[in-house]
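Asker: Dumping the structure here so I can ask a few things about it.
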Amino acid sequence: MLVAAVVATLAAIAAPASAQPYGAPHGKVLVGVTGGRTVDGYVRAAGKRPAVFQFFVNWGDSFQYAYRRAQDARAGLMVHLSTYNGPGTRERITPRDIALGRGDRYLSSLRRDFAAYGRPVYLRPFGEMNNAANPYSAYGRDGRARDSAHTQFWFRQAWRRVYLVVKGGRIATIDARLRALGMPSLRRAATGPARWLPRPQVTLQWTPMTAGSPNVAGNGPASYWPGGAYVDWVGTDFYSRFPNFNGLDRFYSTPRYAGKPFVFGEWAMWGRDDASFIRRFFAWVSAHPRVRMLAYNQGNRTASPFRLYRYPRAARVMRRALRSPHYVGRPVRGRQQRRRASHAVAPVARAAGHAASKRAEARCLMARAPIGGVVGEPAPELPLPALLDRPLREADLILDHLRAGGHAADACPAVQGRDAT
């Protein structure tokens, strides 16, 4: 009984709160596009603007261009994060190193950028993790296991750490969850002296292949499953060259993934102009109500084999399917920012006589704020990262935002006579 109680306690500490997936309302499906500088070619062929624009980025890289291109496309931002830059390039970090905190500085920079962006971000780390073409997979192309830094265990741990760090929240809470999972606390070189980290509107999508490549024991999707507490969306990639609908059925119906919205992180035509594939694909989507996002991979180059201009018959069928109001081409708005036209957080008037009580209330509210957000309870808006190095300003901003979010505000002593924003 004592052992069971300890295990239950550790599980409760380790598991983050369920997070907002930022899906389309009323069970509709967000339409997305992946790759390229613009969405113009896709829009001409598909007849619908995308709700999300996805970019492939590599560990350690800054990708401000992606924010600009998504904004130019009037679409939400979706990011696939990899640990290498394609075939023939070196792996930049191993799953074990991520799990041990050696990538915390980069993850913290992602969190800061996502928070400053102020809109929902769909983050798809390490897609097709059971594909030997990716260095973070546990197996090589020959079916043999890779070294000890690339086991399924370290992949699961790396994923959990990514989830906890990019979601932000109270550092003491994050550290407790990491330790309960057997990982080291956040590296202070990545967080600085702050006690609380901005919580961006970010949601994580877990997208293995429906079967391993190579298809050997230990390389199926389940071997890389980090647990439902660390996944906001479940999905896969699907191309017309490999139309394994039976495998897709099995994967979708797996009980451990039930209850999660389903995403096609990549899907595309590849090979011949097969309109029947498009008909079957959209019929499958319509018959499976958990499907909430489709991100068509047009490729980065205009000469990509996935571009729809190569498939006129399939594109016509796709265009007709997307006319349905079931498919949404508008981004999810998420929480609304309280910002001026300059996109800066509105300044908060401060009085020196209230400094101590403001900090006390801020600490109280932060201690009660959930990590990662809770479905049905929007998390409070957060200050820009550049303002977090000023203790008094941090207290002022956190107070206003946490009060606005309603996180147990009546349980904390309010500062009297504070100035309005």
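Here, A, B, ... name the chains of the structure tokens in the order displayed, residue numbers run from 1 inside each chain, and ligands are numbered from 1 in the same displayed order.
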Would you give me, as a tab-separated table, each residue of region 115-173 of chain A having an atom within 10 Å of an atom of region 75-87 of chain A, along with its shortest atom pair and that distance in Å to one decimal, using only C-alpha atoms and sorting by chain and residue number?
Answerer:
residue	atom	partner	partner_atom	distance
A:Tyr117	CA	A:Leu77	CA	9.8
A:Arg119	CA	A:Gly76	CA	7.7
A:Pro120	CA	A:Gly76	CA	6.9
A:Val121	CA	A:Leu77	CA	5.2
A:Tyr122	CA	A:Met78	CA	4.5
A:Leu123	CA	A:Val79	CA	4.9
A:Arg124	CA	A:His80	CA	4.6
A:Pro125	CA	A:Leu81	CA	4.6
A:Phe126	CA	A:Ser82	CA	5.2
A:Gly127	CA	A:His80	CA	7.2
A:Met129	CA	A:Ser82	CA	9.9
A:Ala133	CA	A:Pro87	CA	7.8
A:Asn134	CA	A:Tyr84	CA	8.1
A:Pro135	CA	A:Thr83	CA	7.5
A:Tyr136	CA	A:Thr83	CA	7.3
Asker: Take the selection from the previous step and output its residues with all heavy atoms, as a compact mmCIF listing (two decimals), in the first residue's frame.
Answerer:
# COMPACT_ATOMS: atom_id res chain seq x y z
N TYR A 117 5.46 35.90 -29.23
CA TYR A 117 4.61 35.84 -30.43
C TYR A 117 3.14 36.09 -30.07
O TYR A 117 2.40 36.74 -30.80
CB TYR A 117 4.80 34.47 -31.08
CG TYR A 117 4.00 34.19 -32.33
CD1 TYR A 117 4.11 35.00 -33.45
CD2 TYR A 117 3.16 33.08 -32.39
CE1 TYR A 117 3.40 34.71 -34.61
CE2 TYR A 117 2.45 32.79 -33.53
CZ TYR A 117 2.57 33.60 -34.64
OH TYR A 117 1.85 33.31 -35.77
N ARG A 119 0.48 34.20 -29.92
CA ARG A 119 -0.59 33.48 -30.62
C ARG A 119 -0.32 31.98 -30.50
O ARG A 119 0.78 31.57 -30.17
CB ARG A 119 -0.63 33.88 -32.10
CG ARG A 119 -0.78 35.37 -32.33
CD ARG A 119 -0.55 35.74 -33.79
NE ARG A 119 -0.38 37.17 -33.94
CZ ARG A 119 0.00 37.75 -35.07
NH1 ARG A 119 0.27 37.01 -36.13
NH2 ARG A 119 0.13 39.06 -35.13
N PRO A 120 -1.30 31.14 -30.82
CA PRO A 120 -1.04 29.70 -30.74
C PRO A 120 0.07 29.24 -31.68
O PRO A 120 0.19 29.73 -32.81
CB PRO A 120 -2.39 29.09 -31.15
CG PRO A 120 -3.40 30.13 -30.80
CD PRO A 120 -2.72 31.44 -31.08
N VAL A 121 0.89 28.33 -31.18
CA VAL A 121 1.94 27.69 -31.97
C VAL A 121 1.76 26.18 -31.86
O VAL A 121 1.61 25.65 -30.75
CB VAL A 121 3.35 28.07 -31.47
CG1 VAL A 121 4.42 27.34 -32.26
CG2 VAL A 121 3.57 29.59 -31.56
N TYR A 122 1.78 25.51 -32.99
CA TYR A 122 1.66 24.05 -33.04
C TYR A 122 3.08 23.50 -33.23
O TYR A 122 3.68 23.66 -34.29
CB TYR A 122 0.74 23.61 -34.18
CG TYR A 122 -0.63 24.25 -34.10
CD1 TYR A 122 -0.88 25.48 -34.71
CD2 TYR A 122 -1.66 23.64 -33.38
CE1 TYR A 122 -2.13 26.07 -34.62
CE2 TYR A 122 -2.91 24.24 -33.29
CZ TYR A 122 -3.14 25.45 -33.91
OH TYR A 122 -4.37 26.05 -33.82
N LEU A 123 3.60 22.88 -32.19
CA LEU A 123 4.98 22.38 -32.20
C LEU A 123 4.96 20.87 -32.38
O LEU A 123 4.33 20.15 -31.61
CB LEU A 123 5.69 22.75 -30.90
CG LEU A 123 7.13 22.27 -30.75
CD1 LEU A 123 8.02 22.85 -31.84
CD2 LEU A 123 7.67 22.64 -29.36
N ARG A 124 5.69 20.41 -33.41
CA ARG A 124 5.73 18.98 -33.74
C ARG A 124 7.18 18.51 -33.63
O ARG A 124 7.91 18.45 -34.61
CB ARG A 124 5.18 18.78 -35.16
CG ARG A 124 4.85 17.34 -35.52
CD ARG A 124 3.97 17.28 -36.76
NE ARG A 124 4.67 17.63 -37.97
CZ ARG A 124 5.25 16.76 -38.80
NH1 ARG A 124 5.23 15.47 -38.53
NH2 ARG A 124 5.85 17.18 -39.90
N PRO A 125 7.61 18.15 -32.41
CA PRO A 125 9.00 17.73 -32.25
C PRO A 125 9.24 16.31 -32.78
O PRO A 125 8.44 15.40 -32.58
CB PRO A 125 9.22 17.77 -30.73
CG PRO A 125 8.00 18.44 -30.17
CD PRO A 125 6.91 18.19 -31.14
N PHE A 126 10.34 16.14 -33.49
CA PHE A 126 10.90 14.82 -33.79
C PHE A 126 9.87 13.91 -34.48
O PHE A 126 9.65 12.78 -34.05
CB PHE A 126 11.43 14.15 -32.53
CG PHE A 126 12.11 15.10 -31.58
CD1 PHE A 126 11.81 15.09 -30.22
CD2 PHE A 126 13.05 16.02 -32.02
CE1 PHE A 126 12.42 15.96 -29.33
CE2 PHE A 126 13.67 16.90 -31.14
CZ PHE A 126 13.35 16.87 -29.79
N GLY A 127 9.25 14.40 -35.54
CA GLY A 127 8.26 13.60 -36.26
C GLY A 127 8.86 12.34 -36.86
O GLY A 127 10.06 12.28 -37.16
N MET A 129 9.51 9.50 -35.50
CA MET A 129 10.61 9.05 -34.65
C MET A 129 10.91 7.56 -34.81
O MET A 129 11.98 7.10 -34.41
CB MET A 129 10.31 9.38 -33.19
CG MET A 129 9.13 8.66 -32.56
SD MET A 129 7.48 9.18 -33.12
CE MET A 129 7.37 10.85 -32.58
N ALA A 133 15.45 6.84 -40.97
CA ALA A 133 16.06 7.97 -41.67
C ALA A 133 16.34 9.14 -40.73
O ALA A 133 17.16 10.01 -41.06
CB ALA A 133 15.15 8.43 -42.81
N ASN A 134 15.70 9.15 -39.57
CA ASN A 134 15.89 10.23 -38.61
C ASN A 134 16.85 9.79 -37.51
O ASN A 134 16.69 8.70 -36.95
CB ASN A 134 14.54 10.62 -38.00
CG ASN A 134 13.60 11.21 -39.03
OD1 ASN A 134 13.99 12.07 -39.82
ND2 ASN A 134 12.35 10.74 -39.04
N PRO A 135 17.84 10.61 -37.17
CA PRO A 135 18.86 10.18 -36.21
C PRO A 135 18.33 9.98 -34.80
O PRO A 135 18.98 9.31 -33.99
CB PRO A 135 19.90 11.31 -36.26
CG PRO A 135 19.14 12.50 -36.72
CD PRO A 135 18.11 11.97 -37.67
N TYR A 136 17.18 10.56 -34.47
CA TYR A 136 16.62 10.38 -33.13
C TYR A 136 15.83 9.09 -32.99
O TYR A 136 15.30 8.78 -31.92
CB TYR A 136 15.76 11.58 -32.73
CG TYR A 136 14.85 12.12 -33.82
CD1 TYR A 136 13.64 11.50 -34.12
CD2 TYR A 136 15.20 13.25 -34.54
CE1 TYR A 136 12.81 12.00 -35.12
CE2 TYR A 136 14.37 13.76 -35.54
CZ TYR A 136 13.18 13.13 -35.82
OH TYR A 136 12.36 13.61 -36.81
Asker: Tell me, counting only C-alpha atoms, for each residue of region 180-209 of chain A within 6 Å of region 165-174 of chain A, which pair of atoms is nearest and how far apart they are in Å to one decimal, in rows ordered by chain and increasing number, as a Markdown table.
Answerer:
| residue | atom | partner | partner_atom | distance |
| --- | --- | --- | --- | --- |
| A:Arg195 | CA | A:Ile171 | CA | 5.5 |
| A:Trp196 | CA | A:Arg170 | CA | 4.3 |
| A:Leu197 | CA | A:Gly169 | CA | 4.9 |
| A:Pro198 | CA | A:Gly168 | CA | 5.5 |
| A:Arg199 | CA | A:Gly168 | CA | 4.6 |
Asker: With distances taken over only C-alpha atoms, which residue among A:Ser185, A:Thr203, A:Ser109, A:Thr34 lies nearest Pro261 (chain A)?
Answerer: A:Thr203
Asker: So, counting only C-alpha atoms, which residue among A:Ala303, A:Val202, A:Val57, A:Ala145 is closest to Asp232 (chain A)?
Answerer: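 Checking each candidate against Asp232 (chain A), we get A:Val202 as the closest.
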Asker: Can you pull out the residues contacting Thr210 (chain A)? Cut-off 7 Å, using only C-alpha atoms, and skip same-chain residues under 2 positions away; I want them as a PDB file with N, CA and C atoms, in the first residue's frame.
Answerer:
ATOM      1  N   PRO A 208       4.244   9.769 -35.025  1.00  0.00           N
ATOM      2  CA  PRO A 208       5.055   8.679 -35.556  1.00  0.00           C
ATOM      3  C   PRO A 208       4.504   8.191 -36.891  1.00  0.00           C
ATOM      4  N   GLY A 212       6.771   0.944 -37.912  1.00  0.00           N
ATOM      5  CA  GLY A 212       8.172   1.318 -37.934  1.00  0.00           C
ATOM      6  C   GLY A 212       8.841   1.062 -39.269  1.00  0.00           C
ATOM      7  N   PRO A 221       5.052   2.569 -32.963  1.00  0.00           N
ATOM      8  CA  PRO A 221       4.735   3.852 -32.316  1.00  0.00           C
ATOM      9  C   PRO A 221       4.715   3.768 -30.798  1.00  0.00           C
ATOM     10  N   THR A 236      -0.058  11.357 -37.518  1.00  0.00           N
ATOM     11  CA  THR A 236       0.906  10.632 -38.333  1.00  0.00           C
ATOM     12  C   THR A 236       1.126  11.393 -39.628  1.00  0.00           C
ATOM     13  N   GLY A 247      -3.262   0.188 -41.861  1.00  0.00           N
ATOM     14  CA  GLY A 247      -2.394   0.603 -40.768  1.00  0.00           C
ATOM     15  C   GLY A 247      -2.876   1.891 -40.115  1.00  0.00           C
ATOM     16  N   LEU A 248      -3.423   2.786 -40.921  1.00  0.00           N
ATOM     17  CA  LEU A 248      -3.969   4.034 -40.385  1.00  0.00           C
ATOM     18  C   LEU A 248      -5.157   3.751 -39.473  1.00  0.00           C
ATOM     19  N   PHE A 251      -3.836   2.343 -36.137  1.00  0.00           N
ATOM     20  CA  PHE A 251      -3.192   3.379 -35.332  1.00  0.00           C
ATOM     21  C   PHE A 251      -4.222   4.312 -34.714  1.00  0.00           C
TER      22      PHE A 251
END
Asker: Hey, can you check how far CA of Asp237 (chain A) sits from CA of Phe56 (chain A)?
Answerer: 14.1 Å
Asker: Could you pull out all residues of region 140-377 of chain A with a DSSP call of alpha helix (DSSP H) and give them as a ChimeraX atom specification?
Answerer: /A:152-167,171-180,188-191,245-252,275-287,312-322,355-368
Asker: For the residues in that selection, give me C-alpha atoms as a PDB file, in the first residue's frame.
Answerer:
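Everything below was put into selection-v9.pdb:
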ATOM      1  CA  GLN A 152      13.375   4.525 -26.823  1.00  0.00           C
ATOM      2  CA  PHE A 153      13.705   5.356 -23.115  1.00  0.00           C
ATOM      3  CA  TRP A 154      15.837   8.422 -23.811  1.00  0.00           C
ATOM      4  CA  PHE A 155      13.492   9.515 -26.593  1.00  0.00           C
ATOM      5  CA  ARG A 156      10.517   9.391 -24.224  1.00  0.00           C
ATOM      6  CA  GLN A 157      12.449  11.294 -21.576  1.00  0.00           C
ATOM      7  CA  ALA A 158      13.605  13.896 -24.110  1.00  0.00           C
ATOM      8  CA  TRP A 159      10.031  14.438 -25.278  1.00  0.00           C
ATOM      9  CA  ARG A 160       8.775  14.900 -21.714  1.00  0.00           C
ATOM     10  CA  ARG A 161      11.487  17.441 -20.995  1.00  0.00           C
ATOM     11  CA  VAL A 162      10.696  19.380 -24.165  1.00  0.00           C
ATOM     12  CA  TYR A 163       7.032  19.433 -23.167  1.00  0.00           C
ATOM     13  CA  LEU A 164       7.675  20.725 -19.649  1.00  0.00           C
ATOM     14  CA  VAL A 165      10.263  23.335 -20.627  1.00  0.00           C
ATOM     15  CA  VAL A 166       8.434  24.915 -23.573  1.00  0.00           C
ATOM     16  CA  LYS A 167       5.142  25.049 -21.662  1.00  0.00           C
ATOM     17  CA  ILE A 171      10.181  26.760 -12.046  1.00  0.00           C
ATOM     18  CA  ALA A 172       9.865  24.906  -8.741  1.00  0.00           C
ATOM     19  CA  THR A 173       6.916  22.961 -10.172  1.00  0.00           C
ATOM     20  CA  ILE A 174       8.762  22.136 -13.392  1.00  0.00           C
ATOM     21  CA  ASP A 175      11.816  20.994 -11.424  1.00  0.00           C
ATOM     22  CA  ALA A 176       9.680  18.766  -9.207  1.00  0.00           C
ATOM     23  CA  ARG A 177       8.125  17.116 -12.242  1.00  0.00           C
ATOM     24  CA  LEU A 178      11.483  16.593 -13.923  1.00  0.00           C
ATOM     25  CA  ARG A 179      12.932  15.024 -10.767  1.00  0.00           C
ATOM     26  CA  ALA A 180       9.889  12.769 -10.386  1.00  0.00           C
ATOM     27  CA  ARG A 188      19.862  27.836 -14.322  1.00  0.00           C
ATOM     28  CA  ALA A 189      22.023  29.048 -17.197  1.00  0.00           C
ATOM     29  CA  ALA A 190      18.861  28.670 -19.293  1.00  0.00           C
ATOM     30  CA  THR A 191      16.399  30.273 -16.877  1.00  0.00           C
ATOM     31  CA  PHE A 245      -5.243   2.742 -44.808  1.00  0.00           C
ATOM     32  CA  ASN A 246      -5.386  -0.509 -42.814  1.00  0.00           C
ATOM     33  CA  GLY A 247      -2.394   0.603 -40.768  1.00  0.00           C
ATOM     34  CA  LEU A 248      -3.969   4.034 -40.385  1.00  0.00           C
ATOM     35  CA  ASP A 249      -7.158   2.432 -39.040  1.00  0.00           C
ATOM     36  CA  ARG A 250      -5.210   0.400 -36.471  1.00  0.00           C
ATOM     37  CA  PHE A 251      -3.192   3.379 -35.332  1.00  0.00           C
ATOM     38  CA  TYR A 252      -6.192   5.706 -35.011  1.00  0.00           C
ATOM     39  CA  ALA A 275      -7.539  11.182 -57.826  1.00  0.00           C
ATOM     40  CA  SER A 276      -8.920   8.051 -56.152  1.00  0.00           C
ATOM     41  CA  PHE A 277      -6.415   8.483 -53.328  1.00  0.00           C
ATOM     42  CA  ILE A 278      -7.772  11.965 -52.608  1.00  0.00           C
ATOM     43  CA  ARG A 279     -11.360  10.675 -52.592  1.00  0.00           C
ATOM     44  CA  ARG A 280     -10.480   7.874 -50.224  1.00  0.00           C
ATOM     45  CA  PHE A 281      -8.387  10.147 -47.990  1.00  0.00           C
ATOM     46  CA  PHE A 282     -11.147  12.728 -47.503  1.00  0.00           C
ATOM     47  CA  ALA A 283     -13.726   9.977 -47.005  1.00  0.00           C
ATOM     48  CA  TRP A 284     -11.509   8.576 -44.251  1.00  0.00           C
ATOM     49  CA  VAL A 285     -11.139  11.985 -42.634  1.00  0.00           C
ATOM     50  CA  SER A 286     -14.911  12.524 -42.684  1.00  0.00           C
ATOM     51  CA  ALA A 287     -15.489   9.139 -41.052  1.00  0.00           C
ATOM     52  CA  PRO A 312      -4.267  18.287 -61.785  1.00  0.00           C
ATOM     53  CA  ARG A 313      -6.849  15.487 -61.431  1.00  0.00           C
ATOM     54  CA  ALA A 314      -6.118  14.964 -57.752  1.00  0.00           C
ATOM     55  CA  ALA A 315      -6.086  18.736 -57.150  1.00  0.00           C
ATOM     56  CA  ARG A 316      -9.569  19.110 -58.657  1.00  0.00           C
ATOM     57  CA  VAL A 317     -10.958  16.463 -56.304  1.00  0.00           C
ATOM     58  CA  MET A 318      -9.168  18.069 -53.355  1.00  0.00           C
ATOM     59  CA  ARG A 319     -10.546  21.474 -54.287  1.00  0.00           C
ATOM     60  CA  ARG A 320     -14.112  20.134 -54.293  1.00  0.00           C
ATOM     61  CA  ALA A 321     -13.596  18.419 -50.933  1.00  0.00           C
ATOM     62  CA  LEU A 322     -12.236  21.564 -49.293  1.00  0.00           C
ATOM     63  CA  ALA A 355       6.472  46.998  -3.865  1.00  0.00           C
ATOM     64  CA  ALA A 356       6.717  44.391  -1.092  1.00  0.00           C
ATOM     65  CA  SER A 357       2.996  43.592  -1.065  1.00  0.00           C
ATOM     66  CA  LYS A 358       2.918  43.380  -4.867  1.00  0.00           C
ATOM     67  CA  ARG A 359       5.705  40.834  -4.858  1.00  0.00           C
ATOM     68  CA  ALA A 360       3.966  38.863  -2.125  1.00  0.00           C
ATOM     69  CA  GLU A 361       0.724  38.716  -4.088  1.00  0.00           C
ATOM     70  CA  ALA A 362       2.612  37.791  -7.276  1.00  0.00           C
ATOM     71  CA  ARG A 363       4.324  34.901  -5.487  1.00  0.00           C
ATOM     72  CA  CYS A 364       0.991  33.713  -4.100  1.00  0.00           C
ATOM     73  CA  LEU A 365      -0.743  33.829  -7.485  1.00  0.00           C
ATOM     74  CA  MET A 366       2.177  32.169  -9.288  1.00  0.00           C
ATOM     75  CA  ALA A 367       2.134  29.333  -6.783  1.00  0.00           C
ATOM     76  CA  ARG A 368      -1.507  28.681  -7.685  1.00  0.00           C
TER      77      ARG A 368
END
Asker: Let me make sure I understand: among A:Gln54, A:Thr151, A:Thr38, A:Ser137, which one has the smallest atom-to-atom distance to Phe264 (chain A) if we use only C-alpha atoms?
Answerer: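 Ranking A:Gln54, A:Thr151, A:Thr38, A:Ser137 by distance to Phe264 (chain A), first place goes to A:Gln54.
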Asker: From the list A:Ala19, A:Val291, A:Ala51, A:Val39, which residue is nearest Leu308 (chain A) when using only C-alpha atoms?
Answerer: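 Among the listed residues, the smallest separation from Leu308 (chain A) belongs to A:Val39.
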Asker: Assign secondary structure with DSSP using the backbone only, and return the residues of region 210-335 of chain A in strand (DSSP E or B) as a list of chain:residue names.
Answerer: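 Going through region 210-335 of chain A, the strand (DSSP E or B) residues come out as A:Ser213, A:Trp233, A:Val234, A:Gly235, A:Thr236, A:Asp237, A:Phe238, A:Tyr239, A:Phe262, A:Val263, A:Phe264, A:Gly265, A:Glu266, A:Trp267, A:Ala268, A:Val291, A:Arg292, A:Met293, A:Leu294, A:Ala295, A:Tyr296, A:Asn297, A:Tyr327, A:Val328.
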